[in-house]
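Participant: Data: query00.txt, compact mmCIF, C-alpha atoms.
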```txt
# COMPACT_ATOMS: atom_id res chain seq x y z
CA MET A 1 0.47 -117.95 -36.06
CA THR A 2 3.13 -118.60 -33.43
CA PHE A 3 5.80 -118.55 -36.10
CA PHE A 4 4.49 -115.25 -37.42
CA CYS A 5 4.52 -113.80 -33.89
CA ARG A 6 8.12 -114.87 -33.37
CA PHE A 7 9.11 -113.47 -36.76
CA LEU A 8 7.47 -110.12 -36.01
CA ALA A 9 9.09 -109.97 -32.57
CA ALA A 10 12.51 -110.74 -34.04
CA LEU A 11 12.04 -108.12 -36.75
CA PHE A 12 10.98 -105.57 -34.16
CA PHE A 13 14.03 -106.08 -31.99
CA VAL A 14 16.43 -106.11 -34.96
CA ILE A 15 15.04 -102.81 -36.24
CA MET A 16 15.06 -101.23 -32.79
CA LEU A 17 18.66 -102.29 -32.25
CA LEU A 18 19.91 -100.99 -35.61
CA PRO A 19 20.22 -97.33 -34.55
CA ALA A 20 22.28 -98.36 -31.53
CA VAL A 21 24.62 -100.31 -33.76
CA ALA A 22 24.83 -97.44 -36.25
CA ALA A 23 25.56 -94.95 -33.45
CA ALA A 24 28.75 -96.80 -32.63
CA ARG A 25 30.34 -95.67 -35.90
CA GLU A 26 33.83 -94.23 -35.81
CA PHE A 27 34.26 -90.63 -36.97
CA PRO A 28 37.34 -89.38 -38.86
CA ASP A 29 39.83 -87.47 -36.74
CA PHE A 30 39.96 -84.52 -39.13
CA LEU A 31 42.85 -82.08 -39.22
CA LEU A 32 41.32 -78.61 -39.01
CA GLU A 33 42.41 -75.09 -39.95
CA GLY A 34 40.69 -71.88 -39.03
CA ASP A 35 41.07 -68.29 -37.96
CA ILE A 36 40.90 -69.13 -34.29
CA ASP A 37 42.06 -66.51 -31.80
CA GLN A 38 44.08 -67.26 -28.68
CA THR A 39 41.04 -67.13 -26.41
CA GLN A 40 39.30 -69.79 -28.45
CA LEU A 41 42.47 -71.89 -28.66
CA ASP A 42 42.68 -71.72 -24.87
CA SER A 43 39.04 -72.69 -24.58
CA LEU A 44 39.75 -75.77 -26.70
CA GLY A 45 42.81 -76.60 -24.61
CA VAL A 46 45.13 -76.67 -27.63
CA ALA A 47 48.31 -74.72 -28.24
CA GLN A 48 48.34 -74.30 -31.99
CA LEU A 49 46.76 -74.91 -35.37
CA PRO A 50 46.15 -77.01 -37.32
CA LEU A 51 44.56 -79.32 -34.82
CA HIS A 52 42.98 -82.72 -34.91
CA LEU A 53 39.47 -82.97 -33.53
CA SER A 54 40.79 -85.34 -30.89
CA ASP A 55 43.27 -82.68 -29.70
CA ILE A 56 40.37 -80.72 -28.23
CA LYS A 57 40.32 -81.19 -24.49
CA ALA A 58 36.79 -82.36 -24.02
CA GLU A 59 35.18 -85.72 -23.50
CA TYR A 60 32.40 -84.92 -25.93
CA LEU A 61 32.38 -82.81 -29.10
CA LEU A 62 29.39 -81.50 -30.99
CA VAL A 63 30.50 -80.89 -34.57
CA GLU A 64 28.31 -78.76 -36.82
CA VAL A 65 29.10 -79.06 -40.52
CA PHE A 66 27.64 -75.90 -42.03
CA SER A 67 27.97 -73.61 -45.02
CA MET A 68 27.81 -69.86 -45.02
CA TYR A 69 25.88 -70.24 -48.30
CA CYS A 70 23.22 -72.53 -46.81
CA PRO A 71 19.97 -70.71 -45.92
CA ILE A 72 19.06 -73.34 -43.33
CA CYS A 73 22.44 -72.90 -41.64
CA GLN A 74 21.84 -69.15 -41.62
CA GLY A 75 18.43 -69.69 -40.05
CA GLU A 76 19.83 -72.09 -37.47
CA ALA A 77 22.85 -69.99 -36.48
CA GLU A 78 21.09 -68.21 -33.63
CA HIS A 79 19.76 -71.52 -32.31
CA VAL A 80 23.25 -73.00 -32.28
CA ASN A 81 24.46 -69.90 -30.42
CA LEU A 82 21.72 -70.51 -27.85
CA LEU A 83 22.76 -74.14 -27.61
CA HIS A 84 26.31 -72.99 -26.89
CA GLU A 85 24.99 -70.69 -24.16
CA LEU A 86 22.99 -73.56 -22.65
CA ILE A 87 26.14 -75.68 -22.43
CA LEU A 88 28.07 -72.81 -20.84
CA GLY A 89 25.18 -72.04 -18.48
CA ASP A 90 25.05 -75.64 -17.31
CA GLY A 91 28.78 -75.59 -16.60
CA LEU A 92 29.39 -78.38 -19.10
CA ASN A 93 31.89 -76.58 -21.31
CA ASP A 94 34.86 -78.54 -19.95
CA ARG A 95 33.21 -81.79 -20.98
CA LEU A 96 31.22 -80.85 -24.09
CA LYS A 97 32.44 -78.39 -26.72
CA ILE A 98 30.89 -77.19 -29.97
CA VAL A 99 32.94 -76.63 -33.09
CA GLY A 100 31.74 -75.62 -36.54
CA ILE A 101 33.24 -76.66 -39.86
CA GLY A 102 32.35 -74.45 -42.82
CA THR A 103 32.31 -76.83 -45.74
CA GLY A 104 33.13 -75.39 -49.15
CA ASN A 105 33.79 -72.08 -47.41
CA THR A 106 36.94 -70.00 -47.62
CA PRO A 107 38.37 -68.40 -44.45
CA PHE A 108 36.80 -65.12 -45.63
CA GLU A 109 33.38 -66.74 -45.95
CA VAL A 110 33.63 -68.40 -42.53
CA GLN A 111 34.62 -65.05 -41.02
CA LEU A 112 31.58 -63.43 -42.65
CA PHE A 113 29.35 -66.08 -41.08
CA ARG A 114 31.08 -65.65 -37.70
CA ASP A 115 30.66 -61.87 -37.78
CA GLN A 116 27.09 -61.91 -39.04
CA TYR A 117 25.85 -64.12 -36.21
CA ASP A 118 28.42 -63.18 -33.54
CA ILE A 119 29.42 -66.80 -33.11
CA LYS A 120 31.55 -67.40 -30.02
CA PHE A 121 32.51 -71.04 -30.51
CA PRO A 122 35.37 -71.96 -32.87
CA LEU A 123 34.67 -72.20 -36.60
CA PHE A 124 37.02 -73.97 -38.99
CA HIS A 125 37.03 -74.02 -42.77
CA ASP A 126 36.79 -76.98 -45.13
CA GLU A 127 37.48 -75.04 -48.30
CA GLN A 128 37.92 -78.03 -50.63
CA PHE A 129 34.96 -80.04 -49.23
CA GLU A 130 37.38 -82.64 -47.84
CA VAL A 131 35.43 -83.10 -44.61
CA ASN A 132 32.12 -83.24 -46.42
CA THR A 133 33.43 -85.74 -48.96
CA ALA A 134 34.80 -87.95 -46.19
CA LEU A 135 31.39 -87.88 -44.50
CA GLY A 136 29.63 -88.91 -47.72
CA GLN A 137 28.50 -85.47 -48.90
CA VAL A 138 26.14 -84.70 -46.08
CA GLY A 139 23.52 -81.98 -46.22
CA THR A 140 23.94 -78.91 -44.05
CA PRO A 141 23.62 -78.21 -41.23
CA HIS A 142 24.83 -81.61 -40.10
CA PHE A 143 25.33 -82.22 -36.38
CA VAL A 144 27.41 -85.05 -34.96
CA LEU A 145 27.95 -85.70 -31.26
CA LEU A 146 31.23 -87.50 -30.64
CA ARG A 147 32.84 -89.24 -27.71
CA ASN A 148 36.47 -88.16 -27.80
CA SER A 149 38.73 -90.94 -26.58
CA GLY A 150 41.92 -89.61 -28.14
CA PRO A 151 43.65 -89.77 -31.53
CA ASP A 152 41.61 -91.64 -34.13
CA ALA A 153 39.16 -92.71 -31.45
CA LEU A 154 36.10 -90.57 -32.06
CA GLU A 155 32.83 -92.38 -31.68
CA GLU A 156 29.55 -91.09 -33.11
CA LEU A 157 26.87 -90.94 -30.44
CA LEU A 158 24.23 -88.91 -32.24
CA VAL A 159 23.78 -87.68 -35.80
CA GLU A 160 21.15 -85.14 -36.83
CA GLU A 161 20.70 -83.12 -39.99
CA GLY A 162 18.68 -80.08 -40.99
CA VAL A 163 16.47 -77.84 -38.91
CA MET A 164 16.33 -78.46 -35.16
CA ASP A 165 12.81 -79.52 -34.27
CA ASN A 166 13.14 -77.81 -30.90
CA LEU A 167 16.23 -76.41 -29.20
CA ASP A 168 15.50 -77.77 -25.73
CA ALA A 169 14.61 -81.19 -27.11
CA PHE A 170 17.78 -81.24 -29.23
CA TYR A 171 19.87 -80.29 -26.20
CA ALA A 172 18.17 -82.98 -24.14
CA ARG A 173 18.98 -85.58 -26.81
CA ILE A 174 22.62 -84.49 -26.79
CA LEU A 175 22.87 -84.73 -23.01
CA LYS A 176 21.16 -88.10 -22.99
CA ALA A 177 23.37 -89.51 -25.75
CA ALA A 178 26.46 -88.28 -23.90
CA GLY A 179 25.16 -89.50 -20.57
CA LEU A 180 25.56 -86.05 -19.08
CA LYS A 181 22.07 -85.92 -17.60
CA MET B 1 -4.35 -118.34 -27.05
CA ARG B 2 -1.11 -116.60 -26.16
CA SER B 3 -0.59 -115.79 -29.83
CA VAL B 4 -3.99 -114.18 -30.00
CA VAL B 5 -3.05 -111.93 -27.08
CA PHE B 6 0.47 -111.04 -28.17
CA LEU B 7 -0.07 -110.58 -31.89
CA PRO B 8 -2.09 -107.34 -31.65
CA LEU B 9 0.37 -106.08 -29.03
CA LEU B 10 3.37 -106.80 -31.22
CA VAL B 11 1.73 -105.30 -34.30
CA SER B 12 0.85 -102.17 -32.32
CA MET B 13 4.40 -101.85 -30.99
CA PHE B 14 5.81 -102.39 -34.48
CA LEU B 15 3.55 -99.75 -36.03
CA GLY B 16 3.93 -97.27 -33.20
CA LEU B 17 7.65 -97.46 -32.67
CA VAL B 18 9.00 -98.35 -36.11
CA VAL B 19 6.64 -97.48 -38.95
CA VAL B 20 4.99 -94.25 -37.78
CA PRO B 21 8.19 -92.40 -36.82
CA ALA B 22 9.62 -93.24 -40.22
CA LEU B 23 6.67 -91.56 -41.89
CA VAL B 24 6.81 -88.35 -39.86
CA VAL B 25 8.27 -85.53 -41.92
CA GLN B 26 10.43 -83.03 -40.10
CA PRO B 27 9.15 -79.44 -40.32
CA ALA B 28 11.11 -77.50 -42.91
CA GLN B 29 12.33 -73.96 -42.32
CA ALA B 30 13.73 -73.54 -45.81
CA GLU B 31 12.69 -75.44 -48.88
CA PHE B 32 16.08 -76.65 -50.02
CA THR B 33 15.57 -80.05 -48.54
CA LYS B 34 17.02 -83.10 -50.19
CA GLY B 35 15.30 -83.75 -53.49
CA ALA B 36 14.15 -80.17 -53.99
CA LEU B 37 17.01 -79.33 -56.32
CA TYR B 38 17.80 -80.70 -59.76
CA ASP B 39 21.41 -81.73 -60.18
CA PRO B 40 22.48 -81.34 -63.82
CA GLY B 41 25.76 -83.15 -63.10
CA THR B 42 29.15 -81.85 -64.14
CA LEU B 43 28.89 -79.47 -67.10
CA LYS B 44 31.42 -78.05 -69.54
CA PRO B 45 33.10 -75.37 -67.41
CA ARG B 46 32.58 -72.58 -69.97
CA ASP B 47 30.56 -72.54 -73.16
CA SER B 48 30.46 -69.01 -74.51
CA LYS B 49 32.71 -66.25 -75.79
CA LEU B 50 32.78 -62.92 -74.00
CA LYS B 51 31.67 -59.90 -76.02
CA VAL B 52 32.82 -57.37 -73.44
CA ALA B 53 36.08 -56.69 -71.63
CA VAL B 54 37.31 -54.77 -68.61
CA GLY B 55 37.39 -51.08 -69.56
CA ASP B 56 34.43 -51.34 -71.95
CA PRO B 57 31.20 -49.47 -71.33
CA ALA B 58 28.71 -51.99 -69.96
CA PRO B 59 25.93 -52.74 -72.45
CA GLU B 60 22.65 -51.15 -71.36
CA PHE B 61 19.70 -53.41 -70.60
CA GLU B 62 16.19 -53.35 -69.28
CA LEU B 63 14.73 -56.41 -67.55
CA PRO B 64 11.68 -57.25 -65.43
CA SER B 65 12.44 -57.99 -61.80
CA LEU B 66 10.56 -59.83 -59.11
CA VAL B 67 9.70 -56.95 -56.78
CA HIS B 68 11.51 -53.90 -58.17
CA GLY B 69 9.56 -53.47 -61.41
CA THR B 70 11.53 -52.91 -64.59
CA VAL B 71 15.23 -52.45 -63.87
CA ARG B 72 17.59 -50.62 -66.23
CA LEU B 73 21.34 -50.57 -65.83
CA SER B 74 21.23 -46.83 -66.48
CA ASP B 75 19.06 -46.40 -63.37
CA TYR B 76 22.30 -46.63 -61.36
CA LEU B 77 24.54 -44.53 -63.63
CA GLY B 78 26.26 -41.81 -61.63
CA LYS B 79 24.77 -43.11 -58.39
CA GLN B 80 25.96 -46.60 -57.48
CA ASN B 81 28.36 -49.26 -58.65
CA VAL B 82 26.63 -52.37 -59.95
CA VAL B 83 27.49 -56.06 -59.69
CA LEU B 84 25.70 -58.31 -62.16
CA SER B 85 25.54 -61.87 -60.87
CA PHE B 86 24.56 -64.17 -63.71
CA VAL B 87 23.71 -67.66 -62.49
CA PRO B 88 22.77 -70.51 -64.82
CA ALA B 89 19.50 -71.86 -63.53
CA ALA B 90 17.00 -71.85 -60.69
CA TRP B 91 16.62 -74.97 -58.53
CA THR B 92 20.14 -76.24 -59.18
CA PRO B 93 22.63 -76.92 -56.38
CA VAL B 94 25.44 -74.39 -56.88
CA CYS B 95 23.15 -71.52 -57.90
CA SER B 96 20.88 -72.18 -54.94
CA GLY B 97 23.78 -71.57 -52.58
CA GLN B 98 25.38 -68.61 -54.27
CA TRP B 99 22.70 -65.97 -53.73
CA PRO B 100 21.92 -66.90 -50.10
CA GLY B 101 25.62 -66.26 -49.49
CA TYR B 102 25.33 -62.84 -51.12
CA ASN B 103 22.26 -62.26 -49.00
CA LEU B 104 24.50 -62.58 -45.95
CA ALA B 105 27.12 -60.31 -47.50
CA LYS B 106 24.91 -57.23 -47.92
CA ARG B 107 27.33 -55.12 -45.87
CA ILE B 108 30.17 -55.81 -48.32
CA PHE B 109 28.10 -54.37 -51.14
CA SER B 110 26.57 -51.44 -49.27
CA GLN B 111 29.85 -50.26 -47.74
CA ASN B 112 31.18 -49.98 -51.29
CA ASN B 113 28.11 -48.12 -52.59
CA THR B 114 27.26 -51.08 -54.77
CA VAL B 115 23.99 -52.64 -55.78
CA LEU B 116 23.80 -56.31 -56.68
CA LEU B 117 21.55 -57.45 -59.53
CA GLY B 118 20.92 -61.19 -59.82
CA ILE B 119 20.10 -62.40 -63.33
CA THR B 120 19.00 -65.75 -64.74
CA VAL B 121 17.16 -66.82 -67.88
CA ASP B 122 14.33 -68.30 -65.80
CA ASN B 123 10.90 -66.72 -65.96
CA LEU B 124 9.46 -64.65 -63.11
CA PRO B 125 7.15 -67.33 -61.63
CA THR B 126 10.07 -69.74 -61.36
CA LEU B 127 12.28 -67.06 -59.84
CA HIS B 128 9.52 -66.22 -57.38
CA ALA B 129 9.26 -69.78 -56.09
CA TRP B 130 13.01 -70.30 -56.04
CA THR B 131 14.00 -67.12 -54.24
CA ALA B 132 11.15 -67.53 -51.76
CA ALA B 133 12.87 -70.73 -50.70
CA MET B 134 16.07 -68.77 -50.04
CA GLY B 135 14.38 -66.34 -47.67
CA ASP B 136 14.08 -62.65 -48.40
CA LEU B 137 16.77 -61.48 -50.78
CA TRP B 138 17.78 -57.86 -50.36
CA PHE B 139 18.81 -57.39 -53.99
CA PRO B 140 16.74 -57.26 -57.20
CA VAL B 141 16.36 -60.51 -59.09
CA LEU B 142 15.97 -60.02 -62.84
CA SER B 143 14.52 -62.34 -65.47
CA ASP B 144 16.33 -62.56 -68.81
CA PHE B 145 13.72 -65.04 -69.97
CA TRP B 146 12.32 -63.25 -73.02
CA PRO B 147 13.68 -62.61 -75.57
CA HIS B 148 15.48 -65.59 -74.20
CA GLY B 149 18.89 -64.74 -72.74
CA GLU B 150 19.18 -61.55 -74.78
CA VAL B 151 21.08 -59.62 -72.12
CA ALA B 152 23.37 -62.54 -71.36
CA SER B 153 24.02 -62.84 -75.08
CA ARG B 154 24.84 -59.13 -75.30
CA TYR B 155 27.60 -59.68 -72.73
CA GLY B 156 28.71 -62.96 -74.36
CA LEU B 157 27.54 -65.04 -71.42
CA LEU B 158 24.83 -67.22 -72.98
CA ARG B 159 25.80 -70.88 -73.21
CA GLY B 160 24.85 -73.26 -75.99
CA GLU B 161 22.20 -75.01 -73.90
CA GLY B 162 20.39 -71.70 -73.32
CA VAL B 163 21.47 -70.89 -69.76
CA THR B 164 23.96 -68.27 -68.70
CA GLU B 165 27.48 -68.74 -67.50
CA ARG B 166 28.18 -68.32 -63.80
CA ALA B 167 29.59 -64.83 -64.10
CA LEU B 168 30.19 -61.64 -62.16
CA VAL B 169 30.43 -58.24 -63.84
CA VAL B 170 31.46 -55.24 -61.75
CA ILE B 171 30.42 -51.92 -63.26
CA ASP B 172 31.43 -48.56 -61.76
CA THR B 173 29.26 -45.47 -61.40
CA LYS B 174 30.42 -44.28 -64.83
CA GLY B 175 29.03 -47.41 -66.43
CA VAL B 176 32.46 -48.91 -67.15
CA ILE B 177 33.23 -52.59 -66.58
CA ARG B 178 35.89 -52.82 -63.88
CA TYR B 179 35.97 -56.59 -63.25
CA LEU B 180 34.77 -59.67 -65.09
CA ASP B 181 34.77 -63.20 -63.78
CA VAL B 182 33.35 -66.11 -65.72
CA SER B 183 33.68 -69.02 -63.31
CA ASP B 184 33.66 -72.71 -63.96
CA ILE B 185 29.88 -73.24 -64.07
CA ASN B 186 30.24 -76.16 -61.65
CA LYS B 187 31.82 -74.07 -58.88
CA ARG B 188 30.80 -71.16 -56.75
CA PRO B 189 33.05 -68.10 -57.13
CA ASP B 190 35.08 -67.05 -54.09
CA LEU B 191 33.23 -64.23 -52.35
CA GLY B 192 36.51 -62.92 -50.93
CA VAL B 193 37.80 -62.16 -54.43
CA LEU B 194 34.67 -60.18 -55.27
CA ALA B 195 34.96 -58.28 -51.97
CA LYS B 196 38.51 -57.24 -52.87
CA GLU B 197 37.35 -56.04 -56.31
CA LEU B 198 34.62 -53.97 -54.69
CA ASP B 199 37.17 -52.42 -52.34
CA LYS B 200 39.20 -51.38 -55.38
CA LEU B 201 36.30 -49.29 -56.68
CA ASN B 202 36.96 -46.81 -53.90
CA GLN B 203 40.68 -46.56 -54.52
```
Once you've parsed the file, please lay out its structure as structure tokens.
Facilitator:
Amino acid sequence: MTFFCRFLAALFFVIMLLPAVAAAREFPDFLLEGDIDQTQLDSLGVAQLPLHLSDIKAEYLLVEVFSMYCPICQGEAEHVNLLHELILGDGLNDRLKIVGIGTGNTPFEVQLFRDQYDIKFPLFHDEQFEVNTALGQVGTPHFVLLRNSGPDALEELLVEEGVMDNLDAFYARILKAAGLK
Amino acid sequence: MRSVVFLPLLVSMFLGLVVVPALVVQPAQAEFTKGALYDPGTLKPRDSKLKVAVGDPAPEFELPSLVHGTVRLSDYLGKQNVVLSFVPAAWTPVCSGQWPGYNLAKRIFSQNNTVLLGITVDNLPTLHAWTAAMGDLWFPVLSDFWPHGEVASRYGLLRGEGVTERALVVIDTKGVIRYLDVSDINKRPDLGVLAKELDKLNQ
């Protein structure tokens, strides 16, 4: 019985520690292209395109991999806009920035998505699915919170996919994972 | 004695913190969750021979639609341009993305006085379930199920395995074909190209 207890305890702690280990994964420092205007470039703290994710002047990045063709991404667009407003409202925009990557989308298709939902944060295009392929063909929308420590030093802190269960709860998880609150 | 005390506690913690959360299913807003779609793999890019060409009068047809009753191509003659969007099959990955994209692009069609007609060889009940998962589509969805693929065949767009090509046919208000695109069945056509073709209708 004692052996079984010890085995169960060990199994419990191994399983509970797994997500923490997984969260330490490195994230590719993608080179991104997009129709980004000067205001948005300024907000990212970069001078020109293309840019690497790590070029963005922020300690934390929330990357949304989306597709203009994905009904769930369409349904979530307004929630992501609200999330962006929450970050701005909390004065965290210098430390945490959202960027979207339209996977399998042309610049025209990304612009259509941007216009349709009046999206204020920068959207890039991944026309040939290169980002999605590198990430292992993820479903959309796919959210990744990164700690940005410079070139090729992006660390995954949180990964979530699909519909947000609750905007406030999602925001709270982001802040907690980043240690911002 | 200590084992007797700690065992139920450990089992409870294990079940509560590890097993139960893994069984909780996230609420779904749309139905295209992983596993909902059938992936046919990579198919022969094209498997039919066109029977129409740009400049030809578009063959007339009459098909049942999901919510618009029977739709005839001639219903739009002299009134609106028409885009026929043939997609191969319901509940497959590329097709299940294409029409939601067009759903977002309604303005591109309406500003060019154009109606979009989606066509597959699936039957109406299948189309009902499939399009419901996409949300509300603004355009009519037509079933070319019976006689099977007859309209697609009339345009030369029926493949050997009984599904249609992934094709776009732009027809002007005079009923003349102005643009034809039979894509690689494995890839979604570029919406920007179609938008440019629709702009040309007004030139």
Participant: Tell me, in Å to one decimal, how far CA of Tyr69 in chain A is from CA of Ile171 in chain B.
Facilitator: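 CA of Tyr69 in chain A sits 24.1 Å away from CA of Ile171 in chain B.
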Participant: Residues at most 7 Å from Leu157 in chain B, counting all atoms listed in the file, excluding those fewer than 3 positions away in the same chain, as a VMD selection string?
Facilitator: chain B and resid 48 to 50 152 to 153 164 to 165
Participant: Need the shell around range 130-146 of chain B: protein/DNA/RNA residues with any atom at most 7 Å away, counting all atoms listed in the file. Skip same-chain ones fewer than 4 positions apart. Format as a PyMOL selection string?
Facilitator: (chain A and resi 71) or (chain B and resi 30-32+63-66+68+90-91+100+103+116-124+126+150-151)
Participant: Pick out the closest residue to Gly175 in chain B from this set: B:Gly160, B:Pro147, B:Pro93, B:Gly78. Count only C-alpha atoms.
Facilitator: B:Gly78
Participant: I'd like to know which of A:Val110, A:Val80, A:Leu62, A:Ala177 is closest to chain B, using only C-alpha atoms.
Facilitator: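 Ranked by minimum distance to chain B, first place goes to A:Val110.
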Participant: Determine, counting only C-alpha atoms, which protein, DNA and RNA residues have an atom within 9 Å of an atom of Leu201 in chain B; residues of the same chain fewer than 6 positions away are not included. Present the result as a list of chain:residue names.
Facilitator: B:Asn81, B:Asn112, B:Asp172, B:Arg178
Participant: Kindly indicate which residue among B:Gly69, B:Gly162, B:Pro45, B:Pro57 lies nearest to Val182 in chain B, using all atoms listed in the file for the distances.
Facilitator: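 Of the candidates, the smallest distance to Val182 in chain B is held by B:Pro45.
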Participant: Just how far from CA of Ile56 in chain A is CA of Thr140 in chain A, in Å to one decimal?
Facilitator: 22.9 Å
Participant: One number please: CA of Gln111 in chain B to CA of Cys73 in chain A, in Å, one decimal.
Facilitator: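 Result for CA of Gln111 in chain B versus CA of Cys73 in chain A: 24.6 Å, one decimal.
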Participant: Between A:Pro107, A:Gly75, A:Pro50, A:Gly162, which one has atoms that come closest to Gly139 in chain A, using only C-alpha atoms?
Facilitator: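 With only C-alpha atoms as the atom set, the closest residue is A:Gly162.
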Participant: Nearest residue to chain B out of A:Asp42, A:Asp55, A:Asp168, A:Glu76, using only C-alpha atoms?
Facilitator: A:Glu76
Participant: Which of these, A:Glu109, A:Asp118, A:Asp90, A:Asp152, has the shortest distance to Tyr171 in chain A once you count all atoms listed in the file?
Facilitator: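 Result for the nearest residue to Tyr171 in chain A: A:Asp90.
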Participant: If you count only C-alpha atoms, which residues fall within 9 Å of range 123-136 of chain A, apart from same-chain ones fewer than 5 positions away, as a PyMOL selection string?
Facilitator: chain A and resi 27-28+30+32-36+65+99-107+109-111+114
Participant: Based on the selection just made, write C-alpha atoms of those residues as a short mmCIF file (atom, residue, chain, number, x, y, z; two decimals), keeping the file's coordinate frame.
Facilitator:
```
data_model
loop_
_atom_site.label_atom_id
_atom_site.label_comp_id
_atom_site.auth_asym_id
_atom_site.auth_seq_id
_atom_site.Cartn_x
_atom_site.Cartn_y
_atom_site.Cartn_z
CA PHE A 27 34.26 -90.63 -36.97
CA PRO A 28 37.34 -89.38 -38.86
CA PHE A 30 39.96 -84.52 -39.13
CA LEU A 32 41.32 -78.61 -39.01
CA GLU A 33 42.41 -75.09 -39.95
CA GLY A 34 40.69 -71.88 -39.03
CA ASP A 35 41.07 -68.29 -37.96
CA ILE A 36 40.90 -69.13 -34.29
CA VAL A 65 29.10 -79.06 -40.52
CA VAL A 99 32.94 -76.63 -33.09
CA GLY A 100 31.74 -75.62 -36.54
CA ILE A 101 33.24 -76.66 -39.86
CA GLY A 102 32.35 -74.45 -42.82
CA THR A 103 32.31 -76.83 -45.74
CA GLY A 104 33.13 -75.39 -49.15
CA ASN A 105 33.79 -72.08 -47.41
CA THR A 106 36.94 -70.00 -47.62
CA PRO A 107 38.37 -68.40 -44.45
CA GLU A 109 33.38 -66.74 -45.95
CA VAL A 110 33.63 -68.40 -42.53
CA GLN A 111 34.62 -65.05 -41.02
CA ARG A 114 31.08 -65.65 -37.70
#
```
Participant: Name all residues at most 9 Å from Phe121 in chain A (count all atoms listed in the file; drop same-chain ones fewer than 4 positions away) and give them as an NGL selection string.
Facilitator: :A and (40 or 43 or 81 or 84 or 97-100)
Participant: Around all of range 56-74 of chain A's listed atoms, make the axis-aligned box with 5 Å on each side and tell me centre and edge lengths in Å to one decimal, as AutoDock Vina command-line options.
Facilitator:
```
--center_x 29.7 --center_y -77.4 --center_z -35.9 --size_x 31.3 --size_y 26.6 --size_z 34.8
```
Participant: With N, CA, C and O atoms as the goal, would you fill in the gaps in range 72-83 of chain B and present it as a PDB file, in the coordinates of the input?
Facilitator:
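What ended up in out.pdb:
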```
ATOM      1  N   ARG B  72      16.649 -50.980 -65.153  1.00  0.00           N
ATOM      2  CA  ARG B  72      17.590 -50.620 -66.230  1.00  0.00           C
ATOM      3  C   ARG B  72      18.958 -50.404 -65.616  1.00  0.00           C
ATOM      4  O   ARG B  72      19.064 -49.844 -64.517  1.00  0.00           O
ATOM      5  N   LEU B  73      19.983 -50.811 -66.332  1.00  0.00           N
ATOM      6  CA  LEU B  73      21.340 -50.570 -65.830  1.00  0.00           C
ATOM      7  C   LEU B  73      21.557 -49.072 -65.640  1.00  0.00           C
ATOM      8  O   LEU B  73      22.187 -48.637 -64.665  1.00  0.00           O
ATOM      9  N   SER B  74      21.017 -48.285 -66.542  1.00  0.00           N
ATOM     10  CA  SER B  74      21.230 -46.830 -66.480  1.00  0.00           C
ATOM     11  C   SER B  74      20.566 -46.184 -65.258  1.00  0.00           C
ATOM     12  O   SER B  74      20.886 -45.037 -64.936  1.00  0.00           O
ATOM     13  N   ASP B  75      19.678 -46.928 -64.602  1.00  0.00           N
ATOM     14  CA  ASP B  75      19.060 -46.400 -63.370  1.00  0.00           C
ATOM     15  C   ASP B  75      20.138 -46.062 -62.327  1.00  0.00           C
ATOM     16  O   ASP B  75      19.920 -45.219 -61.450  1.00  0.00           O
ATOM     17  N   TYR B  76      21.263 -46.765 -62.400  1.00  0.00           N
ATOM     18  CA  TYR B  76      22.300 -46.630 -61.360  1.00  0.00           C
ATOM     19  C   TYR B  76      23.468 -45.742 -61.803  1.00  0.00           C
ATOM     20  O   TYR B  76      24.362 -45.472 -61.005  1.00  0.00           O
ATOM     21  N   LEU B  77      23.453 -45.329 -63.078  1.00  0.00           N
ATOM     22  CA  LEU B  77      24.540 -44.530 -63.630  1.00  0.00           C
ATOM     23  C   LEU B  77      24.732 -43.253 -62.805  1.00  0.00           C
ATOM     24  O   LEU B  77      23.780 -42.511 -62.562  1.00  0.00           O
ATOM     25  N   GLY B  78      25.955 -43.012 -62.404  1.00  0.00           N
ATOM     26  CA  GLY B  78      26.260 -41.810 -61.630  1.00  0.00           C
ATOM     27  C   GLY B  78      25.848 -41.894 -60.173  1.00  0.00           C
ATOM     28  O   GLY B  78      26.073 -40.948 -59.404  1.00  0.00           O
ATOM     29  N   LYS B  79      25.243 -43.001 -59.778  1.00  0.00           N
ATOM     30  CA  LYS B  79      24.770 -43.110 -58.390  1.00  0.00           C
ATOM     31  C   LYS B  79      25.470 -44.242 -57.626  1.00  0.00           C
ATOM     32  O   LYS B  79      26.011 -44.018 -56.544  1.00  0.00           O
ATOM     33  N   GLN B  80      25.421 -45.440 -58.178  1.00  0.00           N
ATOM     34  CA  GLN B  80      25.960 -46.600 -57.480  1.00  0.00           C
ATOM     35  C   GLN B  80      26.745 -47.504 -58.431  1.00  0.00           C
ATOM     36  O   GLN B  80      26.431 -47.565 -59.631  1.00  0.00           O
ATOM     37  N   ASN B  81      27.732 -48.183 -57.889  1.00  0.00           N
ATOM     38  CA  ASN B  81      28.360 -49.260 -58.650  1.00  0.00           C
ATOM     39  C   ASN B  81      27.352 -50.414 -58.749  1.00  0.00           C
ATOM     40  O   ASN B  81      26.434 -50.504 -57.929  1.00  0.00           O
ATOM     41  N   VAL B  82      27.559 -51.257 -59.745  1.00  0.00           N
ATOM     42  CA  VAL B  82      26.630 -52.370 -59.950  1.00  0.00           C
ATOM     43  C   VAL B  82      27.427 -53.678 -60.099  1.00  0.00           C
ATOM     44  O   VAL B  82      28.457 -53.696 -60.779  1.00  0.00           O
ATOM     45  N   VAL B  83      26.961 -54.714 -59.429  1.00  0.00           N
ATOM     46  CA  VAL B  83      27.490 -56.060 -59.690  1.00  0.00           C
ATOM     47  C   VAL B  83      26.373 -56.869 -60.348  1.00  0.00           C
ATOM     48  O   VAL B  83      25.270 -56.976 -59.778  1.00  0.00           O
TER      49      VAL B  83
END
```
